[in-house]
Structure formats: C-alpha cells, structure tokens
file model_24.cif (mmCIF, C-alpha atoms and all ligand atoms)
data_structure
loop_
_atom_site.label_atom_id
_atom_site.label_comp_id
_atom_site.auth_asym_id
_atom_site.auth_seq_id
_atom_site.Cartn_x
_atom_site.Cartn_y
_atom_site.Cartn_z
CA MET A 1 3.85 25.52 20.53
CA SER A 2 5.15 22.11 21.52
CA LEU A 3 2.85 19.16 22.14
CA SER A 4 2.52 18.05 25.72
CA GLU A 5 4.43 14.85 26.42
CA GLU A 6 1.14 13.05 26.89
CA THR A 7 -0.29 14.15 23.52
CA ARG A 8 2.99 13.41 21.72
CA LYS A 9 3.02 9.89 23.16
CA LYS A 10 -0.67 9.36 22.38
CA ILE A 11 -0.25 10.36 18.71
CA THR A 12 2.92 8.25 18.41
CA ALA A 13 1.17 5.22 19.88
CA ARG A 14 -1.69 5.63 17.41
CA ILE A 15 0.70 5.73 14.42
CA LEU A 16 2.77 2.80 15.70
CA ASP A 17 -0.34 0.71 16.31
CA ALA A 18 -1.61 1.41 12.77
CA GLN A 19 1.79 0.39 11.36
CA ASP A 20 2.27 -2.66 13.53
CA THR A 21 -1.25 -4.03 13.10
CA VAL A 22 -1.57 -2.90 9.44
CA HIS A 23 -4.74 -0.84 9.63
CA THR A 24 -5.81 2.71 8.76
CA ILE A 25 -6.69 5.55 11.10
CA GLY A 26 -8.42 8.92 10.59
CA LYS A 27 -6.50 12.13 10.00
CA LEU A 28 -4.75 13.08 13.26
CA THR A 29 -5.69 16.74 13.12
CA ASP A 30 -9.38 15.76 13.53
CA ASP A 31 -8.64 14.55 17.09
CA PHE A 32 -5.57 16.69 17.83
CA PRO A 33 -6.16 20.22 16.50
CA GLU A 34 -2.94 21.34 18.21
CA LEU A 35 -0.92 19.21 15.75
CA GLY A 36 0.89 21.51 13.32
CA VAL A 37 3.92 20.93 11.10
CA ASP A 38 6.50 21.51 13.89
CA GLU A 39 4.54 19.26 16.23
CA GLY A 40 4.47 16.59 13.48
CA TYR A 41 8.28 16.53 13.59
CA GLU A 42 8.12 16.15 17.40
CA VAL A 43 6.09 13.00 16.76
CA GLN A 44 8.82 11.81 14.33
CA ASP A 45 11.38 12.30 17.14
CA GLU A 46 9.24 10.11 19.39
CA LEU A 47 8.87 7.49 16.63
CA ARG A 48 12.66 7.46 16.21
CA ARG A 49 13.23 7.00 19.95
CA THR A 50 10.76 4.10 19.99
CA TRP A 51 12.24 2.40 16.92
CA ILE A 52 15.79 2.72 18.26
CA ALA A 53 14.67 1.30 21.61
CA ARG A 54 13.27 -1.65 19.63
CA GLY A 55 16.71 -2.21 18.04
CA ASP A 56 16.30 -0.35 14.76
CA ARG A 57 18.85 2.12 13.36
CA GLN A 58 18.44 5.34 11.37
CA VAL A 59 20.24 5.11 8.02
CA GLY A 60 19.07 8.28 6.37
CA VAL A 61 16.43 10.89 5.69
CA LYS A 62 13.89 11.57 2.96
CA ALA A 63 12.18 14.48 1.33
CA GLY A 64 8.67 13.93 0.02
CA LEU A 65 6.10 15.95 -1.92
CA THR A 66 8.95 17.65 -3.78
CA SER A 67 7.52 17.40 -7.32
CA LYS A 68 4.41 18.89 -8.90
CA PRO A 69 2.99 15.46 -9.85
CA LYS A 70 3.27 14.34 -6.20
CA MET A 71 1.88 17.58 -4.75
CA GLU A 72 -1.07 17.52 -7.15
CA GLN A 73 -1.78 13.85 -6.47
CA MET A 74 -1.84 14.39 -2.68
CA GLY A 75 -3.33 17.90 -2.58
CA VAL A 76 -0.46 19.23 -0.46
CA LYS A 77 1.49 22.38 -1.36
CA LEU A 78 4.70 22.01 0.64
CA PRO A 79 7.33 19.27 0.94
CA GLY A 80 7.68 17.17 4.09
CA PHE A 81 10.64 15.28 5.49
CA GLY A 82 10.99 11.90 7.15
CA LEU A 83 13.28 9.30 8.71
CA LEU A 84 14.68 6.24 6.94
CA MET A 85 15.37 3.29 9.23
CA ALA A 86 17.41 0.15 8.49
CA SER A 87 14.28 -2.01 8.91
CA MET A 88 12.63 -0.30 5.91
CA SER A 89 15.33 -1.39 3.43
CA ARG A 90 14.66 -4.29 1.07
CA PRO A 91 17.01 -5.90 -1.49
CA GLU A 92 16.69 -5.42 -5.23
CA ASN A 93 14.98 -8.30 -7.08
CA GLY A 94 13.38 -9.49 -3.85
CA VAL A 95 9.82 -9.85 -2.64
CA ILE A 96 8.13 -7.20 -0.53
CA GLU A 97 5.70 -8.71 1.97
CA MET A 98 2.23 -7.40 1.17
CA ASP A 99 0.72 -8.60 4.43
CA GLN A 100 2.79 -5.99 6.31
CA LEU A 101 1.39 -3.13 4.21
CA ILE A 102 -2.03 -1.46 3.98
CA HIS A 103 -2.35 0.13 0.51
CA PRO A 104 1.19 0.65 -0.79
CA ARG A 105 2.24 2.85 -3.68
CA ILE A 106 5.62 3.06 -5.40
CA GLU A 107 7.70 6.10 -6.26
CA ALA A 108 10.83 6.43 -8.44
CA GLU A 109 13.42 8.63 -6.76
CA ILE A 110 17.06 9.63 -7.05
CA ALA A 111 18.97 8.79 -3.88
CA PHE A 112 22.17 10.43 -2.64
CA VAL A 113 24.68 8.73 -0.35
CA LEU A 114 26.95 11.16 1.49
CA LYS A 115 30.66 10.82 2.11
CA ASP A 116 30.76 13.99 4.23
CA GLU A 117 28.35 15.46 6.74
CA LEU A 118 26.02 18.16 5.37
CA SER A 119 24.78 20.93 7.58
CA GLY A 120 23.49 24.44 7.20
CA ALA A 121 20.51 26.46 6.14
CA ASP A 122 21.98 27.82 2.92
CA LEU A 123 23.83 25.11 0.99
CA SER A 124 24.47 25.22 -2.76
CA ILE A 125 24.02 22.42 -5.29
CA GLU A 126 27.83 22.38 -5.65
CA GLN A 127 28.25 21.80 -1.90
CA VAL A 128 25.75 18.93 -2.00
CA ILE A 129 27.55 17.33 -4.98
CA ALA A 130 30.93 17.76 -3.27
CA ALA A 131 29.68 15.96 -0.12
CA THR A 132 28.08 13.12 -2.13
CA ASP A 133 29.79 9.74 -2.41
CA TYR A 134 27.38 8.51 -5.11
CA VAL A 135 23.87 8.82 -6.47
CA ILE A 136 21.77 5.71 -7.08
CA PRO A 137 18.27 4.91 -8.40
CA ALA A 138 15.70 4.08 -5.73
CA VAL A 139 12.08 3.04 -5.43
CA GLU A 140 10.29 4.11 -2.30
CA VAL A 141 7.23 2.14 -1.19
CA ILE A 142 4.96 4.53 0.68
CA ASP A 143 2.01 3.32 2.74
CA SER A 144 -0.03 6.04 4.41
CA ARG A 145 -1.56 5.00 7.68
CA PHE A 146 -4.51 7.27 6.86
CA GLU A 147 -7.79 6.13 5.35
CA LYS A 148 -7.86 6.34 1.55
CA PHE A 149 -4.34 7.87 1.60
CA LYS A 150 -5.94 11.21 2.56
CA PHE A 151 -4.14 13.59 4.89
CA ASP A 152 -3.02 17.13 5.58
CA LEU A 153 0.63 18.17 6.00
CA PRO A 154 0.81 17.92 9.85
CA SER A 155 -0.81 14.46 9.80
CA VAL A 156 1.46 13.04 7.07
CA ILE A 157 4.55 14.41 8.83
CA ALA A 158 3.49 12.74 12.10
CA ASP A 159 3.12 9.55 10.00
CA ASN A 160 6.80 9.89 8.99
CA THR A 161 5.69 11.03 5.52
CA SER A 162 4.15 7.61 4.72
CA SER A 163 7.55 5.84 4.78
CA ALA A 164 7.32 2.07 4.61
CA ARG A 165 10.02 0.42 2.46
CA TYR A 166 12.73 1.43 0.01
CA VAL A 167 14.87 -0.42 -2.50
CA THR A 168 18.00 0.89 -4.21
CA GLY A 169 19.45 -0.60 -7.37
CA GLY A 170 20.94 0.08 -10.75
CA ARG A 171 24.41 1.63 -10.80
CA PRO A 172 25.91 3.88 -8.16
CA LEU A 173 27.30 6.88 -10.05
CA ASP A 174 29.64 9.74 -9.29
CA PRO A 175 27.24 12.74 -9.32
CA ARG A 176 29.81 14.70 -11.31
CA THR A 177 29.44 12.34 -14.26
CA VAL A 178 25.68 12.74 -14.84
CA ASP A 179 23.34 15.65 -15.42
CA LEU A 180 21.00 15.05 -12.51
CA ARG A 181 18.32 17.31 -13.97
CA THR A 182 17.65 15.32 -17.12
CA ILE A 183 17.38 11.71 -15.97
CA GLY A 184 14.38 10.17 -17.71
CA VAL A 185 12.40 7.75 -15.55
CA VAL A 186 9.84 5.08 -16.51
CA ILE A 187 7.81 3.07 -13.99
CA GLU A 188 6.46 -0.26 -15.23
CA LYS A 189 4.08 -2.66 -13.51
CA ASN A 190 3.71 -6.17 -14.94
CA GLY A 191 5.36 -5.00 -18.16
CA GLU A 192 3.09 -2.00 -18.68
CA ILE A 193 4.20 1.61 -18.41
CA GLN A 194 2.46 3.41 -15.54
CA ALA A 195 4.25 6.76 -15.35
CA LEU A 196 7.01 8.75 -17.03
CA GLY A 197 9.04 11.70 -15.87
CA ALA A 198 12.35 13.51 -15.73
CA SER A 199 14.37 14.24 -12.62
CA ALA A 200 14.06 18.03 -12.92
CA ALA A 201 10.45 17.52 -11.77
CA VAL A 202 11.97 17.41 -8.28
CA LEU A 203 12.57 21.09 -7.47
CA ASN A 204 14.40 21.64 -10.81
CA HIS A 205 17.27 19.48 -9.52
CA PRO A 206 17.04 16.66 -6.95
CA ALA A 207 19.99 18.18 -5.03
CA ASN A 208 17.58 20.99 -4.10
CA ALA A 209 15.66 18.43 -2.01
CA VAL A 210 18.90 17.72 -0.11
CA ILE A 211 19.39 21.47 0.40
CA MET A 212 15.85 21.75 1.82
CA LEU A 213 16.42 18.75 4.07
CA ALA A 214 19.66 20.22 5.45
CA LYS A 215 17.86 23.51 6.10
CA HIS A 216 14.96 21.76 7.82
CA LEU A 217 17.38 19.79 10.03
CA ALA A 218 19.52 22.87 10.78
CA GLY A 219 16.37 24.51 12.15
CA ARG A 220 16.06 21.60 14.57
CA GLY A 221 19.76 21.55 15.53
CA GLU A 222 20.51 18.46 13.43
CA VAL A 223 22.83 17.65 10.53
CA ILE A 224 22.81 14.99 7.79
CA PRO A 225 25.64 12.67 8.89
CA ALA A 226 28.28 11.23 6.54
CA GLY A 227 27.10 7.85 5.22
CA SER A 228 23.43 8.89 5.13
CA LEU A 229 21.11 7.69 2.40
CA ILE A 230 18.85 10.51 1.19
CA LEU A 231 15.68 9.99 -0.87
CA THR A 232 14.82 13.16 -2.77
CA GLY A 233 11.14 12.50 -3.56
CA GLY A 234 9.00 10.88 -6.24
CA ILE A 235 9.61 12.24 -9.74
CA THR A 236 6.17 11.16 -11.00
CA GLU A 237 2.90 10.49 -9.19
CA ALA A 238 2.95 7.39 -6.97
CA ILE A 239 1.58 4.14 -8.44
CA PRO A 240 -0.69 1.82 -6.38
CA VAL A 241 0.41 -1.83 -6.27
CA GLU A 242 -1.12 -5.15 -5.29
CA ARG A 243 0.05 -8.60 -4.29
CA GLY A 244 1.67 -10.34 -7.25
CA ASP A 245 2.71 -7.15 -9.04
CA ASN A 246 6.18 -7.06 -10.61
CA VAL A 247 7.57 -3.55 -10.69
CA ILE A 248 10.52 -2.03 -12.46
CA ALA A 249 11.68 1.57 -12.46
CA ARG A 250 14.11 2.41 -15.27
CA PHE A 251 16.42 5.39 -14.84
CA GLN A 252 18.16 6.67 -17.97
CA ASP A 253 21.94 6.10 -17.71
CA MET A 254 21.57 4.86 -14.11
CA GLY A 255 20.11 1.37 -14.51
CA SER A 256 16.89 0.03 -13.06
CA VAL A 257 15.35 -1.13 -9.78
CA SER A 258 13.00 -4.08 -9.78
CA PHE A 259 11.15 -6.26 -7.27
CA ARG A 260 7.86 -8.00 -6.65
CA PHE A 261 5.02 -7.72 -4.15
CA GLY A 262 4.17 -11.12 -2.64
C1 LIG B 301 3.73 11.40 1.37
C2 LIG B 301 5.13 10.97 1.03
C3 LIG B 301 5.59 11.49 -0.30
C4 LIG B 301 7.43 11.53 -2.02
O1 LIG B 301 8.42 10.98 -2.51
O2 LIG B 301 6.88 12.49 -2.56
C5 LIG B 301 6.89 10.97 -0.76
C6 LIG B 301 2.69 10.67 0.55
O3 LIG B 301 2.49 11.02 -0.61
O4 LIG B 301 2.03 9.78 1.09
O5 LIG B 301 7.53 10.12 -0.19
MG MG B 302 9.02 9.29 -1.51
#
call {"tool": "encode", "arguments": {"input": "model_24.cif", "output": "structure tokens", "more": "lines below"}}
Ligand code: OOG
Ligand code: MG
result
Amino acid sequence: MSLSEETRKKITARILDAQDTVHTIGKLTDDFPELGVDEGYEVQDELRRTWIARGDRQVGVKAGLTSKPKMEQMGVKLPGFGLLMASMSRPENGVIEMDQLIHPRIEAEIAFVLKDELSGADLSIEQVIAATDYVIPAVEVIDSRFEKFKFDLPSVIADNTSSARYVTGGRPLDPRTVDLRTIGVVIEKNGEIQALGASAAVLNHPANAVIMLAKHLAGRGEVIPAGSLILTGGITEAIPVERGDNVIARFQDMGSVSFRFG
C-alpha cells in the first residue's frame, strides 16, 4: 500500500530537517506504522525530488547492508538501496566537515562506474562487468539520522540508507583485470588498523550488489543509467569517527582512499 501524499511529505520533511539541522530523530515506524520497505522507497523518491528542486543532481545509486559484518552490526537481515547525489561527493585527501554530521561512520566499498545503462531483473556478473567502465576504491561516510544509529529496514530506507558523503580514490581499474572477489581491504584510523576484510564478503562478489540494485530498480520501472557511480556496500563493519581523525582505506591492487575529519 502506498503512503498518502501527506504522510510521505511529513516523513520526508522529518528526515530533511534532521539532516539539515544535524540532529537525531526516533525510528520512523514508531510514529508511522504504515511505513514498510516499499513505502521507504517512496520517501526516497520524495527526497530526490526535493534535492533536485534545490539544485542537486543524482550521480548514482548504492547498495547497503550487503555483507555479513554490516548486517550483524546493524541487526538487519536484508540489503537496502539508496541514492547518491553530487552534493555528497568529497575529494580524496580533503577534509570532511564534522559540523555537518551527527555520528558518522566509515565504510570501505568497491565502486563501479558504468559505461552502458544496466537494466533488468536477471542480470549476470558478466553483463555487469561488460557494462562497467571501471571499478574504483571508495569510502562511504554514513550518518544515520536515527538515535544511536538504531533502525529497522523501512526506517533506514526512508533515511536514504544513512547516506551522507562518499570519497573515491586509488586507481580506476578495468574490471576484467582484477579478481573482484579477493580484494583485501584494511581500514586505518590515525595509523591504527580498525577492520580487515575481503571483497567476497559482499554477496560473494560485489557485482552481485549491482545485480540486486538493477533488479530493485527494474521493479520500480527504473534503470541504472550509463555514467552512474555505484557503491556496492561496506566490506567490513562500519567504523565510528570523530573530529580530527585521519582515515585511510587500503585496497589490495587498487590503491587507497584517505581523508580527514575536521
Ligand atoms: C545503513 C547503510 C549501510 C553499507 O554499505 O552497508 C551501508 C547503515 O548501516 O546505516 O551503506
Ligand atoms: Mg555503504
């Protein structure tokens, strides 16, 4: 069942206000029991319309909660998808403004950039690779608008799956020249190792996250356009960060992504 226009706008306004004024809110399903997963994506549509009206631009899509470490950390059993806007991008080696964030965490992810449109509910890994221009290391900065980073799946989807910032770096690579299942990843904060993993943690192969995204979008009459940036989900658990932290995510054979929180 769809949300009424009034409820959709009310939920969207609550999320936008939490983002814009940098404060937490309670889980949405407490106040809006009619919010399910499908309705959460209706809220994302409303967020997108608002952001575009404000002058922002969609540059891609993301899959989240695609690895066991992430699902266990968040207590959620299914992946969720979200929108990536131009305003969320930050340069490598730069400073991410802490005063615009509530309680950020970082995630190391493999990103795909498409040269061809991807659409359909039943794509293969080979089709994803064939449509990919390059793969590149990425760090996503997530920042749940919910108190203590606690949510259920409908609430986190309405919150655009906690999207806040993302940084790409390292070396763009032809996906045919690397084994995307066995990329070792190390996340360091202020020179200390925080988490380790390998890319197969994401659905056995990060391209499977792209397949799931295409299927999700096909169900809503959408495609992944050529040129899109796609984040495939954190390989390890997410790491909390504070002002002054220097972070670096090292991706075997792909280079590293580093920046600072100021
Ligand atoms: C939801 C977003 C998860 C990922 O890469 O798994 C995500 C959250 O954990 O707050 O982006
Ligand atoms: Mg993520």
call {"tool": "axis_aligned_box", "arguments": {"input": "model_24.cif", "around": "ligand LIG 301 (chain B)", "padding_each_side": "5 Å", "output": "lines of an AutoDock Vina configuration file"}}
result
center_x = 5.2
center_y = 11.1
center_z = -0.6
size_x = 16.4
size_y = 12.7
size_z = 13.9
call {"tool": "closest_residue", "arguments": {"input": "model_24.cif", "among": "A:Ser155, A:Ser258, A:Asn190, A:Gln100", "to": "Asp20 (chain A)", "atoms": "all atoms listed in the file"}}
result
A:Gln100
call {"tool": "closest_atom_pairs", "arguments": {"input": "model_24.cif", "of": "region 40-136 of chain A", "to": "region 211-229 of chain A", "cutoff": "9 Å", "atoms": "only C-alpha atoms", "output": "tab-separated table"}}
result
residue	atom	partner	partner_atom	distance
A:Gln58	CA	A:Ser228	CA	8.7
A:Val59	CA	A:Ser228	CA	5.7
A:Gly60	CA	A:Leu229	CA	4.5
A:Val61	CA	A:Leu229	CA	6.6
A:Lys62	CA	A:Leu213	CA	7.7
A:Ala63	CA	A:Leu213	CA	6.6
A:Pro79	CA	A:Met212	CA	8.9
A:Gly80	CA	A:Leu213	CA	8.9
A:Phe81	CA	A:Leu213	CA	6.9
A:Leu84	CA	A:Leu229	CA	8.0
A:Ala111	CA	A:Leu229	CA	6.7
A:Phe112	CA	A:Leu229	CA	5.8
A:Val113	CA	A:Leu229	CA	4.6
A:Leu114	CA	A:Gly227	CA	5.0
A:Lys115	CA	A:Ala226	CA	5.0
A:Asp116	CA	A:Ala226	CA	4.4
A:Glu117	CA	A:Ala226	CA	4.2
A:Leu118	CA	A:Ile224	CA	5.1
A:Ser119	CA	A:Val223	CA	4.8
A:Gly120	CA	A:Ala218	CA	5.6
A:Ala121	CA	A:Lys215	CA	4.0
A:Asp122	CA	A:Lys215	CA	6.8
A:Leu123	CA	A:Ile211	CA	5.8
A:Ser124	CA	A:Ile211	CA	7.1
A:Ile125	CA	A:Ile211	CA	7.4
A:Val128	CA	A:Ile211	CA	7.3
A:Ala131	CA	A:Ala226	CA	8.3
A:Thr132	CA	A:Ala226	CA	8.9
A:Asp133	CA	A:Gly227	CA	8.3
call {"tool": "atom_distance", "arguments": {"input": "model_24.cif", "atom1": "CA of Ile142 (chain A)", "atom2": "CA of Glu72 (chain A)"}}
result
16.3 Å
call {"tool": "residues_around", "arguments": {"input": "model_24.cif", "residues": "region 39-52 of chain A", "least_positions_apart": "2", "cutoff": "6 Å", "atoms": "only C-alpha atoms", "output": "number ranges by chain"}}
result
A: 8, 12, 35-37, 54-57, 154, 157-158
call {"tool": "closest_atom_pairs", "arguments": {"input": "model_24.cif", "of": "chain A", "to": "ligand LIG 301 (chain B)", "cutoff": "7 Å", "atoms": "only C-alpha atoms and all ligand atoms", "output": "JSON lines"}}
result
{"residue": "A:Ala63", "atom": "CA", "partner": "B:LIG301", "partner_atom": "O1", "distance": 6.4}
{"residue": "A:Gly64", "atom": "CA", "partner": "B:LIG301", "partner_atom": "C4", "distance": 3.4}
{"residue": "A:Leu65", "atom": "CA", "partner": "B:LIG301", "partner_atom": "O2", "distance": 3.6}
{"residue": "A:Thr66", "atom": "CA", "partner": "B:LIG301", "partner_atom": "O2", "distance": 5.7}
{"residue": "A:Ser67", "atom": "CA", "partner": "B:LIG301", "partner_atom": "O2", "distance": 6.9}
{"residue": "A:Lys70", "atom": "CA", "partner": "B:LIG301", "partner_atom": "O2", "distance": 5.5}
{"residue": "A:Met74", "atom": "CA", "partner": "B:LIG301", "partner_atom": "O3", "distance": 5.9}
{"residue": "A:Glu107", "atom": "CA", "partner": "B:LIG301", "partner_atom": "O1", "distance": 6.2}
{"residue": "A:Glu109", "atom": "CA", "partner": "B:LIG301", "partner_atom": "O1", "distance": 7.0}
{"residue": "A:Glu140", "atom": "CA", "partner": "B:LIG301", "partner_atom": "O5", "distance": 6.9}
{"residue": "A:Ile142", "atom": "CA", "partner": "B:LIG301", "partner_atom": "O4", "distance": 6.0}
{"residue": "A:Asp143", "atom": "CA", "partner": "B:LIG301", "partner_atom": "O4", "distance": 6.7}
{"residue": "A:Ser144", "atom": "CA", "partner": "B:LIG301", "partner_atom": "O4", "distance": 5.4}
{"residue": "A:Phe149", "atom": "CA", "partner": "B:LIG301", "partner_atom": "O4", "distance": 6.7}
{"residue": "A:Val156", "atom": "CA", "partner": "B:LIG301", "partner_atom": "C1", "distance": 6.4}
{"residue": "A:Thr161", "atom": "CA", "partner": "B:LIG301", "partner_atom": "C2", "distance": 4.5}
{"residue": "A:Ser162", "atom": "CA", "partner": "B:LIG301", "partner_atom": "O4", "distance": 4.7}
{"residue": "A:Ser163", "atom": "CA", "partner": "B:LIG301", "partner_atom": "O5", "distance": 6.6}
{"residue": "A:Thr232", "atom": "CA", "partner": "B:LIG301", "partner_atom": "O1", "distance": 6.8}
{"residue": "A:Gly233", "atom": "CA", "partner": "B:LIG301", "partner_atom": "O1", "distance": 3.3}
{"residue": "A:Gly234", "atom": "CA", "partner": "B:LIG301", "partner_atom": "O1", "distance": 3.8}
call {"tool": "closest_residue", "arguments": {"input": "model_24.cif", "among": "A:Pro91, A:Gly169, A:Pro175, A:Gly191", "to": "Val257 (chain A)", "atoms": "all atoms listed in the file"}}
result
A:Gly169
call {"tool": "atom_distance", "arguments": {"input": "model_24.cif", "atom1": "CA of Val95 (chain A)", "atom2": "CA of Ile110 (chain A)"}}
result
21.2 Å
call {"tool": "atom_distance", "arguments": {"input": "model_24.cif", "atom1": "CA of Arg250 (chain A)", "atom2": "CA of Asp174 (chain A)"}}
result
18.2 Å
call {"tool": "closest_residue", "arguments": {"input": "model_24.cif", "among": "A:Phe146, A:Phe259, A:Tyr134, A:Tyr166", "to": "ligand MG 302 (chain B)", "atoms": "all atoms listed in the file"}}
result
A:Tyr166
call {"tool": "closest_residue", "arguments": {"input": "model_24.cif", "among": "A:Gln194, A:Ser89, A:Gln19, A:Thr7", "to": "Ile106 (chain A)", "atoms": "only C-alpha atoms"}}
result
A:Gln194
call {"tool": "closest_residue", "arguments": {"input": "model_24.cif", "among": "A:Arg181, A:Gly82, A:Arg145, A:Val186", "to": "ligand MG 302 (chain B)", "atoms": "only C-alpha atoms and all ligand atoms"}}
result
A:Gly82
call {"tool": "closest_residue", "arguments": {"input": "model_24.cif", "among": "A:Met85, A:Ala198, A:Met1, A:Val178", "to": "Glu34 (chain A)", "atoms": "all atoms listed in the file"}}
result
A:Met1
call {"tool": "residues_near_point", "arguments": {"input": "model_24.cif", "point": "(13.7, 2.7, -16.2)", "cutoff": "9 Å", "atoms": "only C-alpha atoms", "output": "PDB file with C-alpha atoms, in the coordinates of the input"}}
result
ATOM      1  CA  GLY A 184      14.380  10.170 -17.710  1.00  0.00           C
ATOM      2  CA  VAL A 185      12.400   7.750 -15.550  1.00  0.00           C
ATOM      3  CA  VAL A 186       9.840   5.080 -16.510  1.00  0.00           C
ATOM      4  CA  ILE A 187       7.810   3.070 -13.990  1.00  0.00           C
ATOM      5  CA  GLU A 188       6.460  -0.260 -15.230  1.00  0.00           C
ATOM      6  CA  ILE A 248      10.520  -2.030 -12.460  1.00  0.00           C
ATOM      7  CA  ALA A 249      11.680   1.570 -12.460  1.00  0.00           C
ATOM      8  CA  ARG A 250      14.110   2.410 -15.270  1.00  0.00           C
ATOM      9  CA  PHE A 251      16.420   5.390 -14.840  1.00  0.00           C
ATOM     10  CA  GLN A 252      18.160   6.670 -17.970  1.00  0.00           C
ATOM     11  CA  MET A 254      21.570   4.860 -14.110  1.00  0.00           C
ATOM     12  CA  GLY A 255      20.110   1.370 -14.510  1.00  0.00           C
ATOM     13  CA  SER A 256      16.890   0.030 -13.060  1.00  0.00           C
ATOM     14  CA  VAL A 257      15.350  -1.130  -9.780  1.00  0.00           C
TER      15      VAL A 257
END
call {"tool": "residues_near_point", "arguments": {"input": "model_24.cif", "point": "(18.1, 3.0, -6.6)", "cutoff": "6 Å", "atoms": "all atoms listed in the file", "output": "PDB file with C-alpha atoms, in the frame of the given file"}}
result
ATOM      1  CA  ILE A 136      21.770   5.710  -7.080  1.00  0.00           C
ATOM      2  CA  PRO A 137      18.270   4.910  -8.400  1.00  0.00           C
ATOM      3  CA  ALA A 138      15.700   4.080  -5.730  1.00  0.00           C
ATOM      4  CA  THR A 168      18.000   0.890  -4.210  1.00  0.00           C
ATOM      5  CA  GLY A 169      19.450  -0.600  -7.370  1.00  0.00           C
ATOM      6  CA  GLY A 170      20.940   0.080 -10.750  1.00  0.00           C
ATOM      7  CA  VAL A 257      15.350  -1.130  -9.780  1.00  0.00           C
TER       8      VAL A 257
END
call {"tool": "decode", "arguments": {"input": "model_24.cif", "residues": "region 63-80 of chain A", "atoms": "N, CA, C and O atoms", "output": "compact mmCIF listing (two decimals), in the first residue's frame"}}
result
# COMPACT_ATOMS: atom_id res chain seq x y z
N ALA A 63 24.12 0.26 -2.82
CA ALA A 63 23.55 -0.87 -2.09
C ALA A 63 24.20 -0.86 -0.72
O ALA A 63 25.38 -0.55 -0.58
N GLY A 64 23.42 -1.14 0.31
CA GLY A 64 23.96 -1.19 1.66
C GLY A 64 23.50 -2.45 2.35
O GLY A 64 22.56 -3.12 1.89
N LEU A 65 24.15 -2.78 3.46
CA LEU A 65 23.81 -3.98 4.23
C LEU A 65 23.93 -5.22 3.35
O LEU A 65 23.06 -6.09 3.35
N THR A 66 25.00 -5.26 2.57
CA THR A 66 25.22 -6.36 1.62
C THR A 66 26.24 -7.38 2.12
O THR A 66 26.50 -8.36 1.44
N SER A 67 26.86 -7.11 3.27
CA SER A 67 27.84 -8.08 3.80
C SER A 67 27.39 -8.54 5.18
O SER A 67 26.65 -7.84 5.87
N LYS A 68 27.87 -9.71 5.59
CA LYS A 68 27.52 -10.25 6.90
C LYS A 68 28.00 -9.32 8.03
O LYS A 68 27.24 -9.05 8.95
N PRO A 69 29.27 -8.81 7.94
CA PRO A 69 29.68 -7.90 9.03
C PRO A 69 28.75 -6.70 9.18
O PRO A 69 28.43 -6.29 10.30
N LYS A 70 28.27 -6.13 8.07
CA LYS A 70 27.36 -4.98 8.14
C LYS A 70 25.99 -5.41 8.68
O LYS A 70 25.41 -4.75 9.53
N MET A 71 25.45 -6.52 8.19
CA MET A 71 24.13 -6.96 8.65
C MET A 71 24.16 -7.26 10.14
O MET A 71 23.24 -6.90 10.88
N GLU A 72 25.24 -7.93 10.59
CA GLU A 72 25.33 -8.25 12.02
C GLU A 72 25.47 -7.00 12.86
O GLU A 72 24.85 -6.87 13.90
N GLN A 73 26.28 -6.04 12.37
CA GLN A 73 26.47 -4.81 13.14
C GLN A 73 25.15 -4.06 13.32
O GLN A 73 24.88 -3.50 14.37
N MET A 74 24.31 -4.04 12.27
CA MET A 74 23.10 -3.23 12.30
C MET A 74 21.85 -4.03 12.67
O MET A 74 20.77 -3.45 12.83
N GLY A 75 21.97 -5.35 12.78
CA GLY A 75 20.81 -6.16 13.14
C GLY A 75 19.72 -6.17 12.08
O GLY A 75 18.54 -6.24 12.39
N VAL A 76 20.12 -6.08 10.82
CA VAL A 76 19.17 -6.08 9.71
C VAL A 76 19.54 -7.25 8.80
O VAL A 76 20.71 -7.55 8.60
N LYS A 77 18.53 -7.95 8.25
CA LYS A 77 18.81 -9.18 7.52
C LYS A 77 18.77 -9.06 5.99
O LYS A 77 19.07 -10.02 5.29
N LEU A 78 18.34 -7.89 5.50
CA LEU A 78 18.23 -7.73 4.05
C LEU A 78 18.94 -6.46 3.62
O LEU A 78 18.97 -5.48 4.37
N PRO A 79 19.49 -6.44 2.39
CA PRO A 79 20.10 -5.21 1.89
C PRO A 79 19.07 -4.11 1.67
O PRO A 79 17.86 -4.37 1.56
N GLY A 80 19.55 -2.89 1.57
CA GLY A 80 18.71 -1.74 1.22
C GLY A 80 19.46 -0.91 0.19
O GLY A 80 20.69 -1.02 0.07
